[in-house]
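K.L.:
Below is the structure I would like to discuss, written out as structure tokens.
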There are 2 protein chains.
Amino acid sequence: MMDAVKVGVLGLGTVGAGVVNLLARNGDEIARRAGREIRVTRAAVRNLEAPRECATADIDLGTDCHSIVTDPEIDVVLELIGGETEAYDLVMAAIANGKHVVTANKHLIALHGNEIFAAADAAGVVVSFEAAVAGGIPIIKAIRESLAANRIEWVAGIINGTGNFILSQMNFEDVSFDEALADAQARGFAEADPTFDVEGIDAAHKLAIIGSIAFGIPLSFDKIVTDGIRRISADDIEYAAELGYRVKHLGIAQRQPEGVSMRVHPTLVSERALLANVEGEKNAIMVYGDAVGATAYYGAGAGAGPTASSVVADMIDTARMMSVDPAGRVPHLAFQPDQITAEPVLGSEDFVCGHYFRVQVADQTGVMAEVTRILAERAIGIEAILQKDPPRDDEDARIIIVTKTAKEATLMDALSHIVALPTTRDGVVHYRVAEFED
Amino acid sequence: MMDAVKVGVLGLGTVGAGVVNLLARNGDEIARRAGREIRVTRAAVRNLEAPRECATADIDLGTDCHSIVTDPEIDVVLELIGGETEAYDLVMAAIANGKHVVTANKHLIALHGNEIFAAADAAGVVVSFEAAVAGGIPIIKAIRESLAANRIEWVAGIINGTGNFILSQMNFEDVSFDEALADAQARGFAEADPTFDVEGIDAAHKLAIIGSIAFGIPLSFDKIVTDGIRRISADDIEYAAELGYRVKHLGIAQRQPEGVSMRVHPTLVSERALLANVEGEKNAIMVYGDAVGATAYYGAGAGAGPTASSVVADMIDTARMMSVDPAGRVPHLAFQPDQITAEPVLGSEDFVCGHYFRVQVADQTGVMAEVTRILAERAIGIEAILQKDPPRDDEDARIIIVTKTAKEATLMDALSHIVALPTTRDGVVHYRVAEFED
């Protein structure tokens with residue numbers, strides 16, 4: 001058997017303890033597969049006195065991250081401290097010291113991956129990040145390796161478990177956003193400050209990574225159009241359901257003729273589609289390749305066990321890649337570094353998809369004719385129409401329309417004209433509609 | 001850029017043409033990812049005059065497979081002739097000549113993989129077979145690499161698209177098995193001789209491979225308990241539906257305390273489970289690992305494009321592994337060759353699962369009490385009961401029972417006593433029930 005791979009861990013919280021526990025429990029099975037032992041020899045923590053969720057007797061425990069990333073005995077640095085600045089400095093220092101790195105830090109990779117991978121390529125080391133996207137689901141490997149023969153047309157996924165849990169509760173338990181969020185927090189699915197999850201920022205971090213490895217473009221977090229789930233009302237969930245849709249919070253990366261669109265937003269999905277039926281804190285991602293067609297990947301998107309599963313898989317891969325000539329390794333962003341091209345990332349006006357909108361109007365003869373005329377003049381097809389009485393008001397009517405695929409700029413132009421009608425009472429509620437082939 | 005990988009193809013039918021077409025269409029994109037070109041330089045066909053589904057101008061086309069597997073210019077042999085004997089001889093000859101091999105031949109791997117991989121290890125070459133299981137779904141890589149940190153507890157999947165198409169038709173179109181089969185044949189989903197698909201043999205080939213890489217056991221095709229879908233009646237599909245189940249044809253590999261069970265059979269699956277909702281010719285596989293929990297993989301299980309997607313991914317991986325010290329490669333059967341252990345493969349008497357059975361009885365007071373007493377005496381719990389009038393007979397009644405998890409030997413003992421009751425009219429219909437956590 002080859003020598004053990006020696007791992008130094010930065011941060012020994014829930015995920016770090018999960019990794020140590022997994023290696024302790026399955027070490028023999030892992031060595032049977034990997035042909036070598038994966039051994040955590042050092043770990044750095046903030047507070048040595050804090051209680052640990054794992055045994056640390058065999059680990060040299062300290063508080064100095066820097067002494068780990070510079071330790072000549074360490075083969076692989078596992079970065080689990082999260083956040084941006086400190087993690088960046090430590091990962092860059094590890095690379096400069098010739099260490100391979102495994103990280104679960106989506107924030108770090110989405111914002112600084114381009115520099116990190118360039119530094120790693122220059123240093124001849126590997127930075128792995130399977131756990132950064134969708135926890136235990138091996139989506140990075142699937143796109144980078146298994147679908148490498150395909151031109152990826154689109155990727156669409158439920159990549160934030162907190163948000164999906166909240167929407168599932170709103171869908172099935174008939175609770176408001178605030179109630180569902182409080183429930184998620186009580187169950188430990190949502191942080192005390194849920195901003196990153198409910199505003200879609202966490203999902204956008206992951207989507208930046210997915211888009212890059214799918215399309216061969218640089219990480220482009222700042223070009224992602226991001227909308228959260230806080231403003232979703234129970235009314236729209238109900239109307240969508242009547243029309244045969246569920247409201248899911250999706251990350252979507254899609255090739256269009258003029259560039260790629262990358263967006264995180266509430267999305268109406270046909271109730272028969274696979275993604276519509278992924279409930280609770282689970283994640284699922286569909287990837288459409290020109291040869292393979294639609295494929296899907298499902299599992300736990302967070303948690304100590306699933307994240308540790310991906311982290312340790314990355315360590316085993318890293319151990320295998322150590323002895324490989326860097327030119328023969330799987331490229332960090334799926335494409336060879338000199339083959340990454342900055343394709344245009346489209347703004348929302350260029351999105352092409354179906355649209356759902358709701359507008360409150362005076363309940364008068366001819367209003368529907370006006371609204372549909374405005375759509376027809378712009379060649380926007382109608383997929384479904386619903387007219388409902390608004391709650392606590394019987395002088396108005398609510399018109400809910402799902403359109404066929406249309407360019408968003410065209411749809412927005414139509415909506416501005418609909419809002420300007422004298423019979424229109426209220427602003428417009430607008431969501432995008434996905435029509436994915438399973 | 002590194003040198004092109006030179007591939008010799010044995011068999012240029014639908015899949016072979018799919019590979020050539022995919023390399024032609026996406027060659028640039030593939031080279032952007034792989035860092036080198038994958039080039040089919042030679043192909044052997046049975047009949048040079050037959051029409052081809054791909055361009056062959058750049059391919060040295062001949063009829064002699066042996067001259068390809070011995071050609072010093074060829075790096076990788078792609079075996080697509082199918083079947084057992086000839087494919088075996090050619091693959092072993094390719095290995096003996098130091099060629100890496102990619103194959104989509106599940107039959108070959110399931111029956112002869114143990115010898116083939118031993119020969120490949122001895123020769124220092126790689127034999128890849130992602131396309132042999134579930135077509136375009138990257139299930140081999142997921143289990144061998146992505147879940148390598150897990151102790152795999154079970155794998156359950158829809159791994160024969162023909163059978164799933166037939167069952168979907170029976171479920172939703174209210175047609176008989178024979179009608180659904182004829183439909184599948186008309187659409188090209190089923191062969192003229194559908195034996196391998198409808199008897200479960202094709203699925204058992206795939207399950208042998210899955211079980212081996214999941215559990216670290218030798219390929220054990222001949223120990224798989226296999227039952228087909230021909231005997232499934234529309235009545236049982238309807239009763240199952242009334243009880244909240246769909247009948248699916250699953251391949252299941254499961255750890256039990258005394259060994260592993262590997263089985264292919266019609267299975268009742270809760271209608272809310274992910275696998276219950278995979279329809280038509282699609283495949284889906286769930287893998288449960290102790291760290292990651294339940295994961296699922298979905299996509300097209302057959303067809304030129306999906307199969308070519310997996311074949312070319314294997315070629316890219318092979319190109320990467322060529323320069324790797326064999327000790328650092330991913331082992332053929334996921335575990336290091338000296339770490340494969342012959343765990344007991346259980347017979348059906350040791351299966352532990354839920355059970356569905358139906359028995360026809362005289363419609364007399366006390367019969368249900370007798371049946372349920374026999375179950376209770378053996379500590380077999382009841383999950384659901386249904387009593388129905390049989391078609392065209394109102395003197396009898398049909399009792400349909402779904403049990404809780406029970407050892408199959410115990411259930412069979414109960415059934416033999418139920419059949420022996422004087423009030424029992426007919427033999428028993430029995431199916432197994434899956435209760436997978438999504």
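We label chains A, B, ... in the order they appear in the structure tokens, count residues from 1 in each chain, and number ligands from 1 in the order shown.
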List the spatial neighbours of segment 199-204 of chain A as a PDB file with all heavy atoms, in the first residue's frame - criterion: any atom at most 7 Å away, only C-alpha atoms, same-chain residues fewer than 3 positions off excluded.

P.N.:
ATOM      1  N   ILE A 159     -30.475  24.289  -5.672  1.00  0.00           N
ATOM      2  CA  ILE A 159     -29.123  24.218  -5.119  1.00  0.00           C
ATOM      3  C   ILE A 159     -29.015  24.970  -3.795  1.00  0.00           C
ATOM      4  O   ILE A 159     -27.920  25.250  -3.332  1.00  0.00           O
ATOM      5  CB  ILE A 159     -28.068  24.723  -6.133  1.00  0.00           C
ATOM      6  CG1 ILE A 159     -28.454  26.081  -6.717  1.00  0.00           C
ATOM      7  CG2 ILE A 159     -27.891  23.706  -7.250  1.00  0.00           C
ATOM      8  CD1 ILE A 159     -27.454  26.635  -7.723  1.00  0.00           C
ATOM      9  N   ASN A 160     -30.166  25.256  -3.207  1.00  0.00           N
ATOM     10  CA  ASN A 160     -30.158  25.792  -1.841  1.00  0.00           C
ATOM     11  C   ASN A 160     -31.240  25.081  -1.041  1.00  0.00           C
ATOM     12  O   ASN A 160     -32.436  25.285  -1.281  1.00  0.00           O
ATOM     13  CB  ASN A 160     -30.367  27.312  -1.841  1.00  0.00           C
ATOM     14  CG  ASN A 160     -30.355  27.873  -0.429  1.00  0.00           C
ATOM     15  OD1 ASN A 160     -31.355  27.844   0.257  1.00  0.00           O
ATOM     16  ND2 ASN A 160     -29.198  28.336   0.014  1.00  0.00           N
ATOM     17  N   THR A 195     -29.907  35.617   5.232  1.00  0.00           N
ATOM     18  CA  THR A 195     -29.828  36.435   4.019  1.00  0.00           C
ATOM     19  C   THR A 195     -29.271  35.666   2.820  1.00  0.00           C
ATOM     20  O   THR A 195     -29.868  35.670   1.745  1.00  0.00           O
ATOM     21  CB  THR A 195     -28.947  37.678   4.285  1.00  0.00           C
ATOM     22  OG1 THR A 195     -29.448  38.322   5.449  1.00  0.00           O
ATOM     23  CG2 THR A 195     -28.957  38.621   3.100  1.00  0.00           C
ATOM     24  N   PHE A 196     -28.106  35.028   3.005  1.00  0.00           N
ATOM     25  CA  PHE A 196     -27.466  34.343   1.875  1.00  0.00           C
ATOM     26  C   PHE A 196     -28.377  33.295   1.248  1.00  0.00           C
ATOM     27  O   PHE A 196     -28.387  33.118   0.035  1.00  0.00           O
ATOM     28  CB  PHE A 196     -26.157  33.673   2.331  1.00  0.00           C
ATOM     29  CG  PHE A 196     -24.952  34.559   2.170  1.00  0.00           C
ATOM     30  CD1 PHE A 196     -25.046  35.938   2.327  1.00  0.00           C
ATOM     31  CD2 PHE A 196     -23.717  34.018   1.836  1.00  0.00           C
ATOM     32  CE1 PHE A 196     -23.939  36.755   2.170  1.00  0.00           C
ATOM     33  CE2 PHE A 196     -22.598  34.832   1.678  1.00  0.00           C
ATOM     34  CZ  PHE A 196     -22.714  36.200   1.842  1.00  0.00           C
ATOM     35  N   LEU A 207     -24.094  28.572  -8.565  1.00  0.00           N
ATOM     36  CA  LEU A 207     -24.373  28.661  -9.999  1.00  0.00           C
ATOM     37  C   LEU A 207     -23.177  29.216 -10.763  1.00  0.00           C
ATOM     38  O   LEU A 207     -22.917  28.816 -11.905  1.00  0.00           O
ATOM     39  CB  LEU A 207     -25.609  29.518 -10.256  1.00  0.00           C
ATOM     40  CG  LEU A 207     -26.070  29.482 -11.718  1.00  0.00           C
ATOM     41  CD1 LEU A 207     -26.658  28.108 -12.054  1.00  0.00           C
ATOM     42  CD2 LEU A 207     -27.086  30.572 -12.005  1.00  0.00           C
ATOM     43  N   ALA A 208     -22.442  30.133 -10.146  1.00  0.00           N
ATOM     44  CA  ALA A 208     -21.246  30.664 -10.812  1.00  0.00           C
ATOM     45  C   ALA A 208     -20.281  29.519 -11.134  1.00  0.00           C
ATOM     46  O   ALA A 208     -19.702  29.462 -12.230  1.00  0.00           O
ATOM     47  CB  ALA A 208     -20.564  31.699  -9.916  1.00  0.00           C
ATOM     48  N   PHE A 221     -19.519  35.406 -10.963  1.00  0.00           N
ATOM     49  CA  PHE A 221     -20.555  35.589  -9.949  1.00  0.00           C
ATOM     50  C   PHE A 221     -21.274  36.925 -10.104  1.00  0.00           C
ATOM     51  O   PHE A 221     -22.502  37.003  -9.984  1.00  0.00           O
ATOM     52  CB  PHE A 221     -19.932  35.488  -8.551  1.00  0.00           C
ATOM     53  CG  PHE A 221     -20.864  35.892  -7.452  1.00  0.00           C
ATOM     54  CD1 PHE A 221     -21.914  35.069  -7.077  1.00  0.00           C
ATOM     55  CD2 PHE A 221     -20.714  37.114  -6.808  1.00  0.00           C
ATOM     56  CE1 PHE A 221     -22.789  35.446  -6.062  1.00  0.00           C
ATOM     57  CE2 PHE A 221     -21.584  37.490  -5.795  1.00  0.00           C
ATOM     58  CZ  PHE A 221     -22.615  36.660  -5.424  1.00  0.00           C
ATOM     59  N   ILE A 224     -24.408  37.273 -12.437  1.00  0.00           N
ATOM     60  CA  ILE A 224     -25.602  36.449 -12.253  1.00  0.00           C
ATOM     61  C   ILE A 224     -26.765  37.329 -11.806  1.00  0.00           C
ATOM     62  O   ILE A 224     -26.620  38.152 -10.905  1.00  0.00           O
ATOM     63  CB  ILE A 224     -25.328  35.329 -11.225  1.00  0.00           C
ATOM     64  CG1 ILE A 224     -24.261  34.387 -11.800  1.00  0.00           C
ATOM     65  CG2 ILE A 224     -26.606  34.584 -10.886  1.00  0.00           C
ATOM     66  CD1 ILE A 224     -23.833  33.309 -10.836  1.00  0.00           C
ATOM     67  N   THR A 226     -29.884  37.688  -9.774  1.00  0.00           N
ATOM     68  CA  THR A 226     -30.256  36.945  -8.569  1.00  0.00           C
ATOM     69  C   THR A 226     -31.498  37.546  -7.929  1.00  0.00           C
ATOM     70  O   THR A 226     -31.556  38.749  -7.685  1.00  0.00           O
ATOM     71  CB  THR A 226     -29.098  36.965  -7.548  1.00  0.00           C
ATOM     72  OG1 THR A 226     -27.936  36.434  -8.175  1.00  0.00           O
ATOM     73  CG2 THR A 226     -29.429  36.128  -6.324  1.00  0.00           C
ATOM     74  N   ASP A 227     -32.465  36.711  -7.661  1.00  0.00           N
ATOM     75  CA  ASP A 227     -33.673  37.132  -6.966  1.00  0.00           C
ATOM     76  C   ASP A 227     -34.014  36.081  -5.915  1.00  0.00           C
ATOM     77  O   ASP A 227     -33.925  34.880  -6.181  1.00  0.00           O
ATOM     78  CB  ASP A 227     -34.821  37.302  -7.976  1.00  0.00           C
ATOM     79  CG  ASP A 227     -36.055  37.914  -7.354  1.00  0.00           C
ATOM     80  OD1 ASP A 227     -35.956  38.482  -6.240  1.00  0.00           O
ATOM     81  OD2 ASP A 227     -37.131  37.825  -7.971  1.00  0.00           O
ATOM     82  N   GLY A 228     -34.408  36.524  -4.744  1.00  0.00           N
ATOM     83  CA  GLY A 228     -34.651  35.606  -3.639  1.00  0.00           C
ATOM     84  C   GLY A 228     -36.097  35.165  -3.547  1.00  0.00           C
ATOM     85  O   GLY A 228     -36.896  35.359  -4.470  1.00  0.00           O
ATOM     86  N   ILE A 229     -36.446  34.539  -2.422  1.00  0.00           N
ATOM     87  CA  ILE A 229     -37.784  33.964  -2.275  1.00  0.00           C
ATOM     88  C   ILE A 229     -38.645  34.717  -1.273  1.00  0.00           C
ATOM     89  O   ILE A 229     -39.789  34.345  -1.038  1.00  0.00           O
ATOM     90  CB  ILE A 229     -37.711  32.480  -1.849  1.00  0.00           C
ATOM     91  CG1 ILE A 229     -36.953  32.333  -0.517  1.00  0.00           C
ATOM     92  CG2 ILE A 229     -37.051  31.649  -2.936  1.00  0.00           C
ATOM     93  CD1 ILE A 229     -36.972  30.901   0.014  1.00  0.00           C
ATOM     94  N   GLY A 251     -31.520  27.697  -9.669  1.00  0.00           N
ATOM     95  CA  GLY A 251     -30.377  28.287 -10.352  1.00  0.00           C
ATOM     96  C   GLY A 251     -30.336  27.731 -11.763  1.00  0.00           C
ATOM     97  O   GLY A 251     -30.448  26.515 -11.948  1.00  0.00           O
ATOM     98  N   VAL A 264     -30.660  33.150 -10.814  1.00  0.00           N
ATOM     99  CA  VAL A 264     -31.221  32.479  -9.635  1.00  0.00           C
ATOM    100  C   VAL A 264     -32.505  33.208  -9.321  1.00  0.00           C
ATOM    101  O   VAL A 264     -32.480  34.420  -9.059  1.00  0.00           O
ATOM    102  CB  VAL A 264     -30.261  32.563  -8.441  1.00  0.00           C
ATOM    103  CG1 VAL A 264     -30.939  32.050  -7.174  1.00  0.00           C
ATOM    104  CG2 VAL A 264     -28.975  31.807  -8.715  1.00  0.00           C
TER     105      VAL A 264
END

K.L.:
Chain B residues within 6 Å of chain A, counting only C-alpha atoms: which ones, as a PyMOL selection string?

P.N.:
chain B and resi 30+32-33+136+138+146+148-149+291-292+294-299+305-306+309+312-313+320+324+328+334-336+339

K.L.:
Rounded to one decimal place, report the atom CA of Ala414 of chain B-atom CA of Glu349 of chain B distance in Å.

P.N.:
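Separation of atom CA of Ala414 of chain B and atom CA of Glu349 of chain B: 12.7 Å.
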
K.L.:
Expressed in Å to a single decimal, how great is the separation between atom CA of Val359 of chain B and atom CA of Tyr239 of chain B?

P.N.:
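Computed distance, atom CA of Val359 of chain B to atom CA of Tyr239 of chain B, equals 12.4 Å.
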
K.L.:
I want to know what sits within 8 Å of Leu219 of chain B, based on only C-alpha atoms, with residues of the same chain fewer than 5 positions away left out; could you give that as a PyMOL selection string?

P.N.:
chain B and resi 110-111+113-114+208-209+211-212

K.L.:
Next, dump the selected residues to file, keeping only N, CA and C atoms, as a PDB file, in the first residue's frame.

P.N.:
ATOM      1  N   ALA B 110     -20.293  -8.492 -17.103  1.00  0.00           N
ATOM      2  CA  ALA B 110     -20.965  -9.216 -16.018  1.00  0.00           C
ATOM      3  C   ALA B 110     -20.479 -10.660 -15.933  1.00  0.00           C
ATOM      4  N   LEU B 111     -20.250 -11.294 -17.086  1.00  0.00           N
ATOM      5  CA  LEU B 111     -19.887 -12.710 -17.076  1.00  0.00           C
ATOM      6  C   LEU B 111     -18.384 -12.945 -17.005  1.00  0.00           C
ATOM      7  N   GLY B 113     -15.936 -10.241 -16.482  1.00  0.00           N
ATOM      8  CA  GLY B 113     -15.171  -9.101 -15.985  1.00  0.00           C
ATOM      9  C   GLY B 113     -14.040  -9.502 -15.043  1.00  0.00           C
ATOM     10  N   ASN B 114     -14.297 -10.495 -14.192  1.00  0.00           N
ATOM     11  CA  ASN B 114     -13.248 -10.874 -13.234  1.00  0.00           C
ATOM     12  C   ASN B 114     -11.952 -11.245 -13.950  1.00  0.00           C
ATOM     13  N   ALA B 208     -25.037  -6.965 -11.629  1.00  0.00           N
ATOM     14  CA  ALA B 208     -23.801  -7.658 -11.229  1.00  0.00           C
ATOM     15  C   ALA B 208     -22.656  -6.653 -11.141  1.00  0.00           C
ATOM     16  N   ILE B 209     -22.608  -5.749 -12.104  1.00  0.00           N
ATOM     17  CA  ILE B 209     -21.538  -4.737 -12.119  1.00  0.00           C
ATOM     18  C   ILE B 209     -21.726  -3.756 -10.964  1.00  0.00           C
ATOM     19  N   GLY B 211     -23.352  -4.207  -8.125  1.00  0.00           N
ATOM     20  CA  GLY B 211     -23.121  -4.853  -6.833  1.00  0.00           C
ATOM     21  C   GLY B 211     -21.637  -4.996  -6.534  1.00  0.00           C
ATOM     22  N   SER B 212     -20.883  -5.338  -7.553  1.00  0.00           N
ATOM     23  CA  SER B 212     -19.448  -5.523  -7.347  1.00  0.00           C
ATOM     24  C   SER B 212     -18.772  -4.221  -6.938  1.00  0.00           C
TER      25      SER B 212
END

K.L.:
Can you list, as a ChimeraX atom specification, all residues belonging to segment 124-354 of chain A that DSSP tags as helix (DSSP H, G or I)?

P.N.:
/A:130-132,139-146,161-172,177-186,195-198,201-215,221-223,234-242,274-277,304-322,326-328,337-339,348-350

K.L.:
Go through B:Glu53, B:Asp193, B:Glu153, B:Asp413 and flag the residue nearest Ala379 of chain B, using only C-alpha atoms for the distances.

P.N.:
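Among the listed residues, B:Asp413 lies closest to Ala379 of chain B.
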
K.L.:
Quick one: residues within 12 Å of Glu173 of chain B, only C-alpha atoms counted, chain neighbours fewer than 4 positions away excluded, as a PyMOL selection string?

P.N.:
chain B and resi 165-169+177+179-180+183+234+237-238+280

K.L.:
Identify, on the basis of only C-alpha atoms, every residue whose closest approach to Val101 of chain A does not exceed 8 Å; exclude the query and any residue fewer than 3 positions from it along the same chain; express the result as a list in words.

P.N.:
Val76, Val77, Leu78, Glu79, Val91, Ala94, Ile95, Val125, Val126, Val127 and Ser128 of chain A

K.L.:
Between A:Lys206, A:Cys65, A:Ala96, A:Trp154, which is the closest to Ile109 of chain A once you count only C-alpha atoms?

P.N.:
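So, comparing all the options, the nearest one is A:Lys206.
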
K.L.:
Would you mind listing what lies within 6 Å of segment 415-426 of chain B as a PyMOL selection string, with only C-alpha atoms counted and same-chain residues fewer than 2 positions away left out?

P.N.:
chain B and resi 360-362+412-413

K.L.:
Based on the selection just made, write N, CA, C and O atoms of those residues as a PDB file, in the first residue's frame.

P.N.:
ATOM      1  N   GLN B 360     -56.836 -15.918  -3.782  1.00  0.00           N
ATOM      2  CA  GLN B 360     -58.276 -15.994  -4.010  1.00  0.00           C
ATOM      3  C   GLN B 360     -58.870 -17.003  -3.040  1.00  0.00           C
ATOM      4  O   GLN B 360     -58.349 -18.112  -2.884  1.00  0.00           O
ATOM      5  N   VAL B 361     -59.932 -16.591  -2.370  1.00  0.00           N
ATOM      6  CA  VAL B 361     -60.502 -17.431  -1.308  1.00  0.00           C
ATOM      7  C   VAL B 361     -62.024 -17.503  -1.475  1.00  0.00           C
ATOM      8  O   VAL B 361     -62.617 -16.694  -2.183  1.00  0.00           O
ATOM      9  N   ALA B 362     -62.589 -18.471  -0.788  1.00  0.00           N
ATOM     10  CA  ALA B 362     -64.049 -18.519  -0.723  1.00  0.00           C
ATOM     11  C   ALA B 362     -64.526 -17.311   0.077  1.00  0.00           C
ATOM     12  O   ALA B 362     -63.922 -16.952   1.084  1.00  0.00           O
ATOM     13  N   MET B 412     -42.811 -16.972   3.018  1.00  0.00           N
ATOM     14  CA  MET B 412     -43.161 -18.118   2.171  1.00  0.00           C
ATOM     15  C   MET B 412     -43.805 -19.232   2.993  1.00  0.00           C
ATOM     16  O   MET B 412     -44.714 -19.908   2.528  1.00  0.00           O
ATOM     17  N   ASP B 413     -43.305 -19.399   4.216  1.00  0.00           N
ATOM     18  CA  ASP B 413     -43.925 -20.379   5.111  1.00  0.00           C
ATOM     19  C   ASP B 413     -45.374 -19.984   5.396  1.00  0.00           C
ATOM     20  O   ASP B 413     -46.293 -20.815   5.325  1.00  0.00           O
TER      21      ASP B 413
END

K.L.:
Which polymer residues have any atom within 6 Å of an atom of segment 394-405 of chain A, counting only C-alpha atoms, with same-chain residues fewer than 5 positions away left out, as a list of chain:residue names?

P.N.:
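What passes the distance filter is A:Cys353, A:Gly354, A:His355, A:Tyr356, A:Phe357, A:Arg358, A:Val359, A:Gln360, A:Val361, A:Ala362, A:Asp363, A:Gly381, A:Ile382, A:Glu383, A:Ala384, A:Ile385, A:Leu386, A:Gln387, A:Lys388, A:Asp389.
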
K.L.:
So how far away is atom CA of Phe172 of chain A from atom CA of Lys248 of chain B, in Å?

P.N.:
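Atom CA of Phe172 of chain A lies at a distance of 26.9 Å from atom CA of Lys248 of chain B.
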